[in-house]
Each structure stands twice: as C-alpha cells, then as structure tokens.
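File shown: structure.cif (mmCIF, C-alpha atoms).
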data_entry
#
loop_
_atom_site.label_atom_id
_atom_site.label_comp_id
_atom_site.auth_asym_id
_atom_site.auth_seq_id
_atom_site.Cartn_x
_atom_site.Cartn_y
_atom_site.Cartn_z
CA MET Y 1 -4.80 -72.69 21.16
CA SER Y 2 -5.90 -70.06 23.68
CA THR Y 3 -4.59 -69.15 27.11
CA ARG Y 4 -6.39 -67.49 29.99
CA ARG Y 5 -5.17 -64.03 30.89
CA ASN Y 6 -4.30 -62.85 34.37
CA PRO Y 7 -6.10 -59.56 35.16
CA GLY Y 8 -3.15 -58.39 37.23
CA THR Y 9 -0.81 -58.98 34.31
CA ASP Y 10 -3.17 -57.12 31.98
CA ILE Y 11 -3.23 -54.09 34.30
CA ALA Y 12 0.55 -54.11 34.61
CA LEU Y 13 1.01 -54.30 30.83
CA ILE Y 14 -1.49 -51.49 30.22
CA ALA Y 15 0.29 -49.27 32.76
CA ALA Y 16 3.73 -50.18 31.40
CA PHE Y 17 2.84 -49.31 27.82
CA ALA Y 18 1.15 -46.07 28.91
CA ALA Y 19 4.44 -45.19 30.62
CA LEU Y 20 6.37 -46.13 27.46
CA ILE Y 21 4.23 -43.74 25.41
CA ALA Y 22 4.89 -40.98 27.95
CA VAL Y 23 8.64 -41.56 27.76
CA CYS Y 24 8.58 -41.47 23.97
CA ALA Y 25 6.53 -38.26 24.06
CA LEU Y 26 9.00 -36.57 26.41
CA LEU Y 27 12.09 -37.41 24.38
CA PRO Y 28 13.38 -34.40 22.43
CA ALA Y 29 11.05 -33.64 19.54
CA ILE Y 30 11.96 -32.47 16.04
CA LYS Y 31 10.30 -29.17 15.19
CA VAL Y 32 9.05 -28.82 11.64
CA ALA Y 33 6.68 -26.46 9.88
CA GLY Y 34 3.36 -26.13 11.66
CA PRO Y 35 2.29 -26.72 15.26
CA VAL Y 36 2.86 -30.50 15.35
CA PRO Y 37 6.34 -31.78 16.39
CA ILE Y 38 7.83 -35.11 15.31
CA THR Y 39 8.15 -37.48 18.28
CA LEU Y 40 8.37 -41.22 18.95
CA GLN Y 41 4.81 -41.25 20.28
CA THR Y 42 3.35 -42.99 17.24
CA PHE Y 43 5.96 -45.75 17.54
CA ALA Y 44 4.87 -46.49 21.12
CA VAL Y 45 1.15 -46.04 20.36
CA LEU Y 46 1.13 -48.58 17.55
CA LEU Y 47 3.48 -50.90 19.42
CA SER Y 48 0.91 -50.97 22.23
CA GLY Y 49 -1.75 -52.26 19.87
CA ALA Y 50 0.53 -54.65 18.01
CA VAL Y 51 1.84 -56.26 21.21
CA LEU Y 52 -1.15 -56.07 23.56
CA GLY Y 53 -4.01 -56.49 21.11
CA MET Y 54 -7.10 -54.39 20.54
CA ARG Y 55 -8.57 -54.03 24.04
CA ARG Y 56 -5.41 -53.71 26.11
CA GLY Y 57 -3.66 -51.59 23.48
CA PHE Y 58 -6.60 -49.19 23.32
CA LEU Y 59 -6.73 -48.96 27.13
CA ALA Y 60 -2.98 -48.35 27.43
CA VAL Y 61 -3.12 -45.40 25.05
CA LEU Y 62 -6.35 -44.11 26.56
CA LEU Y 63 -4.71 -44.21 30.00
CA TYR Y 64 -1.86 -42.11 28.64
CA VAL Y 65 -4.23 -39.52 27.16
CA VAL Y 66 -6.40 -39.36 30.28
CA ALA Y 67 -3.37 -39.03 32.57
CA GLY Y 68 -2.02 -36.17 30.47
CA ALA Y 69 -5.40 -34.46 30.36
CA ALA Y 70 -5.64 -34.83 34.14
CA GLY Y 71 -2.48 -32.77 34.57
CA LEU Y 72 0.52 -35.08 34.36
CA PRO Y 73 3.15 -33.38 32.13
CA ILE Y 74 3.49 -36.33 29.77
CA PHE Y 75 2.38 -34.89 26.45
CA SER Y 76 4.98 -33.80 23.92
CA GLY Y 77 7.24 -31.11 25.34
CA GLY Y 78 5.97 -31.73 28.86
CA ALA Y 79 2.56 -30.24 28.13
CA ALA Y 80 -0.44 -31.28 30.21
CA GLY Y 81 -4.06 -30.47 30.91
CA LEU Y 82 -7.34 -30.28 29.08
CA ALA Y 83 -6.10 -27.28 27.08
CA VAL Y 84 -3.94 -29.64 25.00
CA LEU Y 85 -7.08 -31.52 23.98
CA THR Y 86 -8.58 -28.30 22.66
CA GLY Y 87 -5.45 -27.20 20.80
CA PRO Y 88 -4.29 -27.84 17.23
CA THR Y 89 -2.72 -31.21 18.08
CA ALA Y 90 -5.88 -32.55 19.75
CA GLY Y 91 -6.84 -34.60 16.71
CA TYR Y 92 -3.62 -36.57 16.85
CA LEU Y 93 -4.13 -37.36 20.54
CA ILE Y 94 -7.72 -38.45 19.90
CA GLY Y 95 -6.55 -40.63 17.04
CA PHE Y 96 -3.89 -42.38 19.14
CA PRO Y 97 -6.11 -44.81 21.10
CA LEU Y 98 -8.25 -45.50 18.03
CA ALA Y 99 -5.16 -46.35 15.99
CA ALA Y 100 -3.81 -48.61 18.73
CA GLY Y 101 -7.16 -50.39 18.93
CA LEU Y 102 -7.36 -50.92 15.18
CA CYS Y 103 -3.74 -52.09 14.96
CA GLY Y 104 -4.40 -54.54 17.76
CA ALA Y 105 -7.60 -55.77 16.13
CA ILE Y 106 -5.79 -56.43 12.86
CA VAL Y 107 -2.87 -58.17 14.54
CA GLU Y 108 -5.20 -60.36 16.60
CA ARG Y 109 -6.82 -61.58 13.39
CA LEU Y 110 -3.60 -62.32 11.54
CA PRO Y 111 -2.77 -65.97 10.92
CA ARG Y 112 -0.44 -67.23 13.60
CA ARG Y 113 2.47 -67.49 11.18
CA SER Y 114 2.12 -63.75 10.39
CA LEU Y 115 2.88 -62.81 14.00
CA VAL Y 116 6.47 -63.85 13.41
CA SER Y 117 6.60 -61.84 10.18
CA ALA Y 118 7.29 -58.12 10.54
CA VAL Y 119 5.73 -57.35 7.14
CA ALA Y 120 2.16 -58.13 8.23
CA ILE Y 121 2.49 -56.17 11.47
CA PHE Y 122 4.06 -53.26 9.56
CA GLY Y 123 0.99 -53.19 7.32
CA ALA Y 124 -1.34 -53.21 10.33
CA GLY Y 125 0.48 -50.26 11.83
CA LEU Y 126 0.60 -48.26 8.61
CA VAL Y 127 -3.12 -48.73 7.91
CA SER Y 128 -4.05 -47.82 11.49
CA SER Y 129 -1.85 -44.73 11.44
CA ALA Y 130 -3.29 -43.55 8.14
CA LEU Y 131 -6.93 -44.11 9.06
CA PHE Y 132 -6.90 -42.61 12.53
CA ILE Y 133 -3.75 -40.70 13.50
CA HIS Y 134 -3.33 -38.76 10.26
CA THR Y 135 -7.02 -38.35 9.50
CA CYS Y 136 -7.96 -37.24 13.02
CA GLY Y 137 -4.83 -35.12 13.18
CA MET Y 138 -5.73 -33.20 10.04
CA ALA Y 139 -9.30 -32.80 11.26
CA GLY Y 140 -7.94 -31.25 14.45
CA LEU Y 141 -5.80 -28.83 12.48
CA VAL Y 142 -8.81 -27.80 10.41
CA LEU Y 143 -11.06 -27.33 13.44
CA ARG Y 144 -8.62 -25.90 15.98
CA ALA Y 145 -5.96 -24.14 13.88
CA ASP Y 146 -8.39 -22.62 11.37
CA LEU Y 147 -6.67 -24.28 8.41
CA THR Y 148 -8.14 -25.60 5.21
CA TRP Y 149 -7.89 -29.33 4.50
CA ALA Y 150 -5.25 -28.57 1.87
CA GLN Y 151 -3.18 -26.63 4.41
CA ALA Y 152 -3.61 -29.38 6.99
CA TRP Y 153 -2.43 -31.94 4.45
CA ASP Y 154 0.65 -29.82 3.70
CA ILE Y 155 1.57 -30.05 7.39
CA ASP Y 156 0.61 -33.68 7.88
CA LYS Y 157 2.40 -35.05 4.83
CA ILE Y 158 5.72 -34.13 6.41
CA PHE Y 159 5.19 -36.91 8.95
CA TRP Y 160 4.50 -39.76 6.53
CA PHE Y 161 8.09 -40.75 5.78
CA GLY Y 162 9.05 -40.68 9.44
CA ASP Y 163 5.93 -42.64 10.35
CA ALA Y 164 6.83 -45.31 7.82
CA LEU Y 165 10.25 -45.68 9.46
CA LYS Y 166 8.69 -45.78 12.92
CA ASN Y 167 6.28 -48.46 11.72
CA VAL Y 168 9.22 -50.53 10.50
CA ALA Y 169 10.82 -50.27 13.93
CA MET Y 170 7.50 -51.01 15.62
CA ALA Y 171 6.95 -54.12 13.50
CA LEU Y 172 10.43 -55.45 14.23
CA VAL Y 173 10.01 -54.94 17.98
CA ALA Y 174 6.49 -56.40 18.03
CA THR Y 175 7.63 -59.43 16.05
CA ALA Y 176 10.48 -60.02 18.50
CA VAL Y 177 8.05 -59.76 21.42
CA HIS Y 178 5.64 -62.27 19.89
CA ARG Y 179 8.50 -64.66 19.20
CA ALA Y 180 9.66 -64.40 22.81
CA PHE Y 181 6.16 -64.44 24.33
CA PRO Y 182 3.96 -66.42 21.93
CA ASP Y 183 0.92 -66.25 24.22
CA MET Y 184 0.95 -62.46 24.54
CA LEU Y 185 -2.33 -62.17 22.62
CA GLY Y 186 -3.89 -65.10 24.42
CA ARG Y 187 -3.07 -67.63 21.72
CA ALA Y 188 0.10 -69.47 20.98
CA VAL Y 189 2.22 -68.44 18.01
CA VAL Y 190 3.81 -71.32 16.15
CA PRO Y 191 7.29 -70.41 14.85
CA ALA Y 192 7.62 -70.52 11.07
CA ASP Y 193 10.23 -73.30 11.10
CA VAL Y 194 7.95 -75.50 13.20
CA GLN Y 195 5.03 -74.89 10.85
CA ARG Y 196 7.10 -75.93 7.87
CA GLU Y 197 8.01 -79.17 9.56
CA GLY Y 198 4.37 -79.91 10.29
CA THR Y 199 2.83 -81.80 13.17
CA PRO Y 200 3.79 -85.48 13.46
CA ALA Y 201 0.95 -87.90 12.97
CA ALA Y 202 -0.35 -89.61 16.07
#

Rewrite the coordinates I just gave you, this time as structure tokens.
Amino acid sequence: MSTRRNPGTDIALIAAFAALIAVCALLPAIKVAGPVPITLQTFAVLLSGAVLGMRRGFLAVLLYVVAGAAGLPIFSGGAAGLAVLTGPTAGYLIGFPLAAGLCGAIVERLPRRSLVSAVAIFGAGLVSSALFIHTCGMAGLVLRADLTWAQAWDIDKIFWFGDALKNVAMALVATAVHRAFPDMLGRAVVPADVQREGTPAA
C-alpha cells in the first residue's frame, strides 16, 4: 500500500534531519589518533537515510554539507567553509550523503516486516557506512593528508567499533520511528503481530 507524500512535509523533514546532523556534529567530540574526531554525525547521517528513505535522506545530508561549506559553523568542532572540504576529513563528509542515500535505498527495499526489525536496518546502516563513509574517508586521508592506504586504514579502523554501536542505536531509533509512523517511507508497515495473525478472508 502506498501513500502520497506532501512536499511541504518532505521539506520540513529534510531540514529537520539536516539540523539533527548539525547538532550531533557540534556535540563534544572524542579526539583519537589522527585528524578525524569521533562524533555522533554518522548516527544522524545513517538515521536520515533509514527513516526518510533514499531521496530525502540523501538531500537532508547534502543540505547539511552544503550549509557547512557555505559558512555555517556546523561541522565537527564548529568548523565551516570550503576549506573543510579540501582538508583531511573531506572524504568522510563526501561519503555522508552517499551513505545516507544507500542506507535509505536498502531500507526502502526491505520487506515490510523488516522495518519493524532493528537487525535488518542495522545491516543496512553498517553496509552503507563501510562502503561510503569509511572508504571515502580513507581516500580523503590518502589524498589530503599525504598518507598511504595502510596508514589511512590504521586511523580509520579506530572508528569501526564505535560505528557499530552507533548503528545499533540508529537501528533501534529508526525501528521505533517506523512503528510509530508506518507510512514514513510512503508505504504502510504491517506490525509483526498483525502479519502473524494474517488477513481475514472476505
């Protein structure tokens, strides 16, 4: 079953999730070895895709990146401007909207029963993070920080455990949202208990 979306609602959701990413980026970061801090950005980025779907999730994260590049101090640590997109963390920022889009695309194609299961959404987030955030992030370190791929991996691998935990949290939140708003992706989600009971015959 599909539902028609309201463009005004779409714009509001895109703006709201872009703001959520900014808030998560500005929360105190954990400094580790290398130029890339640990923040809650990836949680909000992947949540955008898992909740809003491919198109709106991608646009929400892209809006965040564009706003930061335009001068709003919403990148990690309050950084802003085009210089951030030419620095060592540029690859991670470039990977953010791509990861949100892929996560949203996967979630949109999950069977309806999987939208009320955090495991499937966790898998979508983990795959998206690995393919785009970590890969693009390491590429940025190689190109902008003059590191070898082995050195970039030594920095990036520090984030994997934390990203797994953030993906767990993201999946739990996204699952709760889809339970509460089953038409969020434009199609109704049938709760698992209802599916087990089946549809009465006419």

Exercise for the section: For the file shown, report as JSON, numbers by chain the outcome of the PyMOL selection byres ((chain Y and resi 164-170) around 10) at residue level. Expected result: {"Y": [39, 40, 41, 42, 43, 44, 45, 46, 47, 48, 50, 51, 118, 119, 121, 122, 123, 124, 125, 126, 129, 159, 160, 161, 162, 163, 171, 172, 173, 174, 175, 176]}

Write out as a PDB file with C-alpha atoms, in the frame of the given file the residues lying within 10 Å of Y:Thr86, counting all atoms listed in the file and excluding same-chain residues fewer than 3 positions away.
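And here's result.pdb as it stands now:
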ATOM      1  CA  GLY Y  81      -4.060 -30.470  30.910  1.00  0.00           C
ATOM      2  CA  LEU Y  82      -7.340 -30.280  29.080  1.00  0.00           C
ATOM      3  CA  ALA Y  83      -6.100 -27.280  27.080  1.00  0.00           C
ATOM      4  CA  THR Y  89      -2.720 -31.210  18.080  1.00  0.00           C
ATOM      5  CA  ALA Y  90      -5.880 -32.550  19.750  1.00  0.00           C
ATOM      6  CA  GLY Y  91      -6.840 -34.600  16.710  1.00  0.00           C
ATOM      7  CA  GLY Y 140      -7.940 -31.250  14.450  1.00  0.00           C
ATOM      8  CA  LEU Y 143     -11.060 -27.330  13.440  1.00  0.00           C
ATOM      9  CA  ARG Y 144      -8.620 -25.900  15.980  1.00  0.00           C
TER      10      ARG Y 144
END

Handout entry: Hits from the PyMOL selection byres ((chain Y and resi 24-31) around 12), listed as number ranges by chain
Key = Y: 17-23, 32-45, 47, 64-65, 68, 72-80, 93, 155, 158-159, 162, 166

Practice task
Would you mind listing what lies within 9 Å of Y:Met54 as a list in words, with all atoms listed in the file counted and same-chain residues fewer than 6 positions away left out?
Solution key: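 Counting only the stated atoms, we get Ser48, Ala100, Gly101, Leu102, Cys103, Gly104, Ala105, Ile106, Val107 and Glu108 of chain Y.
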
Given the selection you just returned, output its residues as a file containing C-alpha atoms, formatted as an mmCIF file, in the coordinates of the input.
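Output (again_18.cif):
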data_model
loop_
_atom_site.group_PDB
_atom_site.id
_atom_site.type_symbol
_atom_site.label_atom_id
_atom_site.label_comp_id
_atom_site.auth_asym_id
_atom_site.auth_seq_id
_atom_site.Cartn_x
_atom_site.Cartn_y
_atom_site.Cartn_z
ATOM 1 C CA SER Y 48 0.910 -50.970 22.230
ATOM 2 C CA ALA Y 100 -3.810 -48.610 18.730
ATOM 3 C CA GLY Y 101 -7.160 -50.390 18.930
ATOM 4 C CA LEU Y 102 -7.360 -50.920 15.180
ATOM 5 C CA CYS Y 103 -3.740 -52.090 14.960
ATOM 6 C CA GLY Y 104 -4.400 -54.540 17.760
ATOM 7 C CA ALA Y 105 -7.600 -55.770 16.130
ATOM 8 C CA ILE Y 106 -5.790 -56.430 12.860
ATOM 9 C CA VAL Y 107 -2.870 -58.170 14.540
ATOM 10 C CA GLU Y 108 -5.200 -60.360 16.600
#

Where does the PyMOL selection byres ((chain Y and resi 153) around 12) land in this file, that is, which residues does it pick, as a tab-separated table (two decimals) with C-alpha atoms, in the frame of the given file?
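Result went into out.tsv, see below:
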chain	number	residue	atom	x	y	z
Y	33	ALA	CA	6.68	-26.46	9.88
Y	34	GLY	CA	3.36	-26.13	11.66
Y	134	HIS	CA	-3.33	-38.76	10.26
Y	135	THR	CA	-7.02	-38.35	9.50
Y	136	CYS	CA	-7.96	-37.24	13.02
Y	137	GLY	CA	-4.83	-35.12	13.18
Y	138	MET	CA	-5.73	-33.20	10.04
Y	139	ALA	CA	-9.30	-32.80	11.26
Y	140	GLY	CA	-7.94	-31.25	14.45
Y	141	LEU	CA	-5.80	-28.83	12.48
Y	142	VAL	CA	-8.81	-27.80	10.41
Y	147	LEU	CA	-6.67	-24.28	8.41
Y	148	THR	CA	-8.14	-25.60	5.21
Y	149	TRP	CA	-7.89	-29.33	4.50
Y	150	ALA	CA	-5.25	-28.57	1.87
Y	151	GLN	CA	-3.18	-26.63	4.41
Y	152	ALA	CA	-3.61	-29.38	6.99
Y	154	ASP	CA	0.65	-29.82	3.70
Y	155	ILE	CA	1.57	-30.05	7.39
Y	156	ASP	CA	0.61	-33.68	7.88
Y	157	LYS	CA	2.40	-35.05	4.83
Y	158	ILE	CA	5.72	-34.13	6.41
Y	159	PHE	CA	5.19	-36.91	8.95
Y	160	TRP	CA	4.50	-39.76	6.53

Exercise for the section: Give the answer as one residue: which of Y:Leu62, Y:Leu185, Y:Leu52, Y:Asn6 has the shortest atom-to-atom distance to Y:Pro97, using all atoms listed in the file? Expected result: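 Selected residue with least distance to Y:Pro97: Y:Leu62.
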
Practice task
Measure the distance from atom CA of Y:Ala15 to atom CA of Y:Phe181 in Å and round it to one decimal.
Solution key: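 Computing the Euclidean distance for atom CA of Y:Ala15 and atom CA of Y:Phe181 yields 18.3 Å.
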
Problem - Selection near Y:Ile14, 8 Å with only C-alpha atoms, sequence-local residues under 5 positions removed, as a PyMOL selection string - result: chain Y and resi 56-57+59-60+63

Just to be explicit: take each residue in the selection above, keep C-alpha atoms, and write the result as a PDB file, keeping the file's coordinate frame.
ATOM      1  CA  ARG Y  56      -5.410 -53.710  26.110  1.00  0.00           C
ATOM      2  CA  GLY Y  57      -3.660 -51.590  23.480  1.00  0.00           C
ATOM      3  CA  LEU Y  59      -6.730 -48.960  27.130  1.00  0.00           C
ATOM      4  CA  ALA Y  60      -2.980 -48.350  27.430  1.00  0.00           C
ATOM      5  CA  LEU Y  63      -4.710 -44.210  30.000  1.00  0.00           C
TER       6      LEU Y  63
END

Problem - Straight-line distance linking atom CA of Y:Arg179 with atom CA of Y:Gly95, stated in Å to one decimal - result: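 Computing the Euclidean distance for atom CA of Y:Arg179 and atom CA of Y:Gly95 yields 28.4 Å.
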
For stretch 112-120 of chain Y, take all atoms listed in the file, fit an axis-aligned box around them, add 6 Å to each of the six sides, then output centre and edge lengths in Å rounded to one decimal, as JSON.
{"center_x": 3.4, "center_y": -62.4, "center_z": 10.6, "size_x": 19.7, "size_y": 22.1, "size_z": 18.9}

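Note that atom CA of Y:Val127 and atom CA of Y:Ala69 are 26.7 Å apart.
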
Exercise for the section: Would you please work out which residue, of Y:Phe96, Y:Gly71, Y:Arg5, Y:Val84, is nearest to Y:Met184 when using all atoms listed in the file? Expected result: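 Ranked by minimum distance to Y:Met184, first place goes to Y:Arg5.
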